[in-house]
file model_33.cif (mmCIF, C-alpha atoms)
data_input
loop_
_atom_site.group_PDB
_atom_site.id
_atom_site.type_symbol
_atom_site.label_atom_id
_atom_site.label_comp_id
_atom_site.auth_asym_id
_atom_site.auth_seq_id
_atom_site.Cartn_x
_atom_site.Cartn_y
_atom_site.Cartn_z
ATOM 1 C CA MET W 22 83.502 162.329 119.494
ATOM 2 C CA ILE W 23 86.119 159.707 118.655
ATOM 3 C CA GLU W 24 85.581 157.917 115.352
ATOM 4 C CA ARG W 25 84.318 154.335 115.678
ATOM 5 C CA ASP W 26 85.823 152.921 112.527
ATOM 6 C CA GLY W 27 86.844 149.611 114.061
ATOM 7 C CA LEU W 28 90.474 150.744 114.193
ATOM 8 C CA GLY W 29 90.262 153.834 116.401
ATOM 9 C CA ALA W 30 90.833 154.174 120.122
ATOM 10 C CA THR W 31 87.149 153.740 120.989
ATOM 11 C CA ALA W 32 86.795 150.463 119.096
ATOM 12 C CA ARG W 33 90.099 149.136 120.454
ATOM 13 C CA GLY W 34 89.155 150.289 123.944
ATOM 14 C CA LEU W 35 85.830 148.477 123.779
ATOM 15 C CA ARG W 36 87.564 145.270 122.697
ATOM 16 C CA HIS W 37 90.139 145.599 125.509
ATOM 17 C CA TYR W 38 87.415 146.326 128.078
ATOM 18 C CA LEU W 39 85.385 143.307 126.984
ATOM 19 C CA LEU W 40 88.500 141.143 126.904
ATOM 20 C CA ALA W 41 89.282 142.156 130.499
ATOM 21 C CA VAL W 42 85.773 141.140 131.595
ATOM 22 C CA ALA W 43 85.840 137.919 129.534
ATOM 23 C CA LYS W 44 89.212 136.894 131.004
ATOM 24 C CA LYS W 45 88.042 137.457 134.576
ATOM 25 C CA LEU W 46 84.922 135.375 133.893
ATOM 26 C CA ASP W 47 86.782 132.747 131.861
ATOM 27 C CA ALA W 48 84.142 133.294 129.171
ATOM 28 C CA PRO W 49 84.447 130.731 126.363
ATOM 29 C CA ALA W 50 83.299 133.150 123.662
ATOM 30 C CA TRP W 51 82.457 136.797 123.128
ATOM 31 C CA PHE W 52 81.899 139.293 120.346
ATOM 32 C CA CYS W 53 81.182 142.978 120.026
ATOM 33 C CA GLU W 54 79.765 145.495 117.595
ATOM 34 C CA VAL W 55 81.433 148.909 117.653
ATOM 35 C CA ASP W 56 78.864 150.886 115.662
ATOM 36 C CA VAL W 57 76.455 153.207 117.463
ATOM 37 C CA PRO W 58 74.995 151.783 119.565
ATOM 38 C CA ALA W 59 77.914 149.569 120.577
ATOM 39 C CA SER W 60 76.954 146.173 121.964
ATOM 40 C CA ALA W 61 78.492 142.885 123.061
ATOM 41 C CA TYR W 62 77.702 139.289 123.970
ATOM 42 C CA LEU W 63 79.696 137.072 126.369
ATOM 43 C CA ALA W 64 78.843 133.399 126.680
ATOM 44 C CA LEU W 65 79.098 132.029 130.212
ATOM 45 C CA GLU W 66 80.157 128.479 131.068
ATOM 46 C CA GLY W 67 77.657 127.443 133.705
ATOM 47 C CA ARG W 68 73.917 127.259 133.677
ATOM 48 C CA LEU W 69 71.726 128.715 136.373
ATOM 49 C CA THR W 70 70.008 126.116 138.550
ATOM 50 C CA ARG W 71 66.695 127.879 138.053
ATOM 51 C CA PHE W 72 67.175 127.628 134.235
ATOM 52 C CA PRO W 73 69.056 124.334 133.790
ATOM 53 C CA ASP W 74 68.030 123.856 130.151
ATOM 54 C CA HIS W 75 69.184 127.273 128.978
ATOM 55 C CA GLU W 76 72.609 128.714 128.134
ATOM 56 C CA THR W 77 73.582 131.754 130.194
ATOM 57 C CA ALA W 78 75.157 134.909 128.781
ATOM 58 C CA LEU W 79 76.030 138.486 129.543
ATOM 59 C CA LEU W 80 74.889 141.225 127.216
ATOM 60 C CA TRP W 81 76.320 144.726 127.123
ATOM 61 C CA ASP W 82 75.308 147.861 125.293
ATOM 62 C CA GLU W 83 76.293 151.473 125.596
ATOM 63 C CA ARG W 84 72.831 152.572 126.744
ATOM 64 C CA ASP W 85 72.112 150.124 129.575
ATOM 65 C CA GLY W 86 75.485 148.542 130.378
ATOM 66 C CA TRP W 87 75.575 144.896 131.480
ATOM 67 C CA ALA W 88 72.648 142.486 131.640
ATOM 68 C CA ALA W 89 72.415 138.803 132.551
ATOM 69 C CA ALA W 90 70.376 136.680 130.155
ATOM 70 C CA VAL W 91 69.414 133.130 129.253
ATOM 71 C CA GLU W 92 68.933 131.864 125.739
ATOM 72 C CA THR W 93 65.539 130.604 124.655
ATOM 73 C CA ALA W 94 64.972 126.969 123.726
ATOM 74 C CA THR W 95 65.577 127.790 120.057
ATOM 75 C CA GLY W 96 68.795 129.655 120.865
ATOM 76 C CA GLU W 97 67.727 132.505 118.603
ATOM 77 C CA ASP W 98 66.621 134.927 121.303
ATOM 78 C CA VAL W 99 67.658 135.793 124.825
ATOM 79 C CA VAL W 100 65.590 136.668 127.866
ATOM 80 C CA ILE W 101 67.126 139.308 130.109
ATOM 81 C CA LEU W 102 66.978 138.395 133.778
ATOM 82 C CA ALA W 103 68.582 141.483 135.319
ATOM 83 C CA TYR W 104 70.577 144.603 134.522
ATOM 84 C CA LEU W 105 73.650 145.510 136.572
ATOM 85 C CA GLY W 106 72.855 149.238 136.413
ATOM 86 C CA GLY W 107 74.882 152.069 137.915
ATOM 87 C CA ASP W 108 77.548 152.601 135.251
ATOM 88 C CA VAL W 109 77.721 151.647 131.600
ATOM 89 C CA LEU W 110 81.444 150.783 131.983
ATOM 90 C CA PRO W 111 81.845 149.354 135.487
ATOM 91 C CA ALA W 112 85.172 147.863 136.519
ATOM 92 C CA PRO W 113 85.563 144.235 135.385
ATOM 93 C CA ASP W 114 85.565 143.105 139.046
ATOM 94 C CA THR W 115 82.105 144.677 139.476
ATOM 95 C CA VAL W 116 80.819 142.620 136.536
ATOM 96 C CA VAL W 117 82.382 139.467 138.029
ATOM 97 C CA LYS W 118 80.603 140.119 141.335
ATOM 98 C CA PHE W 119 77.296 140.605 139.486
ATOM 99 C CA VAL W 120 77.744 137.233 137.764
ATOM 100 C CA GLY W 121 78.791 135.563 141.028
ATOM 101 C CA ASP W 122 75.673 136.870 142.750
ATOM 102 C CA LEU W 123 73.575 135.621 139.839
ATOM 103 C CA TYR W 124 75.010 132.101 140.093
ATOM 104 C CA GLY W 125 74.691 132.287 143.860
ATOM 105 C CA GLU W 126 70.933 132.109 143.416
ATOM 106 C CA GLY W 127 70.527 135.753 144.246
ATOM 107 C CA TYR W 128 68.644 138.278 142.219
ATOM 108 C CA PRO W 129 71.302 140.958 141.700
ATOM 109 C CA GLY W 130 70.890 144.143 139.761
ATOM 110 C CA GLN W 131 67.582 145.507 138.636
ATOM 111 C CA PRO W 132 64.754 144.128 136.472
ATOM 112 C CA ASP W 133 64.247 147.163 134.228
ATOM 113 C CA PRO W 134 66.674 148.723 131.741
ATOM 114 C CA PRO W 135 68.568 151.488 133.551
ATOM 115 C CA ASP W 136 68.866 153.751 130.466
ATOM 116 C CA ILE W 137 72.206 155.067 131.738
ATOM 117 C CA ARG W 138 73.202 157.110 128.700
ATOM 118 C CA ARG W 139 72.175 158.096 125.188
ATOM 119 C CA PRO W 140 74.403 156.453 122.538
ATOM 120 C CA GLY W 141 76.287 158.818 120.259
ATOM 121 C CA THR W 142 76.403 161.732 122.694
ATOM 122 C CA SER W 143 79.551 163.550 123.785
ATOM 123 C CA ASP W 144 79.540 162.551 127.448
ATOM 124 C CA GLY W 145 83.028 161.129 127.963
ATOM 125 C CA PHE W 146 82.114 157.536 127.048
ATOM 126 C CA ASP W 147 84.478 157.324 124.069
ATOM 127 C CA GLU W 148 87.293 158.853 126.102
ATOM 128 C CA ARG W 149 86.745 156.300 128.899
ATOM 129 C CA LEU W 150 87.035 153.503 126.344
ATOM 130 C CA ALA W 151 90.161 155.068 124.859
ATOM 131 C CA VAL W 152 91.880 154.558 128.236
ATOM 132 C CA TYR W 153 91.412 150.799 127.771
ATOM 133 C CA ALA W 154 92.857 151.061 124.254
ATOM 134 C CA ALA W 155 96.114 152.213 125.824
ATOM 135 C CA GLY W 156 96.393 148.791 127.465
ATOM 136 C CA ASN W 157 95.017 149.669 130.886
ATOM 137 C CA VAL W 158 92.614 146.736 130.934
ATOM 138 C CA CYS W 159 92.527 146.273 134.705
ATOM 139 C CA LEU W 160 91.902 149.738 136.042
ATOM 140 C CA PRO W 161 90.834 150.053 139.676
ATOM 141 C CA GLU W 162 87.169 150.630 140.557
ATOM 142 C CA GLY W 163 86.016 154.097 139.603
ATOM 143 C CA GLN W 164 88.796 154.737 137.078
ATOM 144 C CA ALA W 165 87.366 152.909 134.056
#
call {"tool": "encode", "arguments": {"input": "model_33.cif", "output": "structure tokens"}}
result
Amino acid sequence: MIERDGLGATARGLRHYLLAVAKKLDAPAWFCEVDVPASAYLALEGRLTRFPDHETALLWDERDGWAAAVETATGEDVVILAYLGGDVLPAPDTVVKFVGDLYGEGYPGQPDPPDIRRPGTSDGFDERLAVYAAGNVCLPEGQA
């Protein structure tokens, strides 16, 4: 397993991966946590018409991948609307499509956590992130 010290290839790869997604979505803000389990938050610009009083965000973690969420009225918690599912590290274009479908008044993804992988296991996850650390932030579908 690659060390997640904040400076290693896995941590850099996660930041590059999230940056690629944030750029494609023109996200105004994002942050990530590289410890096990790794997680991230991306703020989204627009609000959903079915939740006009709530900020919209994307959440990511290394167990379930991407999820669309809205913030509660207090802004302290989020309510997950749907999980993308399929892959914990889908291509950035796949995440963009998920968000587009969400804003298109569809109900993309799945309602329950997909439980794609167990954090901290040696399953190739860290190596996939290391590819992004090398600067390959826009890999084609299926090569992330």
call {"tool": "resolve_selection", "arguments": {"input": "model_33.cif", "expression": "the PyMOL selection byres ((chain W and resi 118-135) around 8)", "output": "PyMOL selection string"}}
result
chain W and resi 69-70+85+89+102-107+114-117+136-137
call {"tool": "closest_residue", "arguments": {"input": "model_33.cif", "among": "W:Leu35, W:Phe72, W:Ala64, W:Glu92", "to": "Ala48 (chain W)", "atoms": "all atoms listed in the file"}}
result
W:Ala64
call {"tool": "resolve_selection", "arguments": {"input": "model_33.cif", "expression": "the PyMOL selection byres ((chain W and resi 62) around 8)", "output": "list in words"}}
result
Trp51, Phe52, Cys53, Ser60, Ala61, Leu63, Ala64, Ala78, Leu79, Leu80 and Trp81 of chain W
call {"tool": "closest_residue", "arguments": {"input": "model_33.cif", "among": "W:Leu110, W:Val57, W:Ala154, W:Ala90", "to": "Pro140 (chain W)", "atoms": "only C-alpha atoms"}}
result
W:Val57
call {"tool": "resolve_selection", "arguments": {"input": "model_33.cif", "expression": "the PyMOL selection byres ((chain W and resi 41) around 10)", "output": "list in words"}}
result
Leu35, Arg36, His37, Tyr38, Leu39, Leu40, Val42, Ala43, Lys44, Lys45, Leu46, Asp47, Ala112, Pro113, Asp114, Tyr153, Asn157, Val158, Cys159 and Leu160 of chain W
call {"tool": "atom_distance", "arguments": {"input": "model_33.cif", "atom1": "CA of Pro58 (chain W)", "atom2": "CA of Val91 (chain W)"}}
result
21.7 Å
call {"tool": "atom_distance", "arguments": {"input": "model_33.cif", "atom1": "CA of Val55 (chain W)", "atom2": "CA of Ala32 (chain W)"}}
result
5.8 Å
call {"tool": "axis_aligned_box", "arguments": {"input": "model_33.cif", "around": "region 109-128 of chain W", "padding_each_side": "3 Å", "output": "JSON"}}
result
{"center_x": 77.1, "center_y": 141.9, "center_z": 137.9, "size_x": 22.9, "size_y": 25.5, "size_z": 18.6}
call {"tool": "residues_around", "arguments": {"input": "model_33.cif", "residues": "Thr31 (chain W)", "least_positions_apart": "2", "cutoff": "6 Å", "atoms": "all atoms listed in the file", "output": "PyMOL selection string"}}
result
chain W and resi 29+33-34+147+150-151
call {"tool": "atom_distance", "arguments": {"input": "model_33.cif", "atom1": "CA of Leu65 (chain W)", "atom2": "CA of Val100 (chain W)"}}
result
14.5 Å
call {"tool": "closest_residue", "arguments": {"input": "model_33.cif", "among": "W:Thr142, W:Glu83, W:Asp108, W:Ala30", "to": "Ala59 (chain W)", "atoms": "only C-alpha atoms"}}
result
W:Glu83
call {"tool": "residues_near_point", "arguments": {"input": "model_33.cif", "point": "(71.0, 127.2, 127.7)", "cutoff": "8 Å", "atoms": "only C-alpha atoms", "output": "VMD selection string"}}
result
chain W and resid 68 72 to 77 91 to 94 96
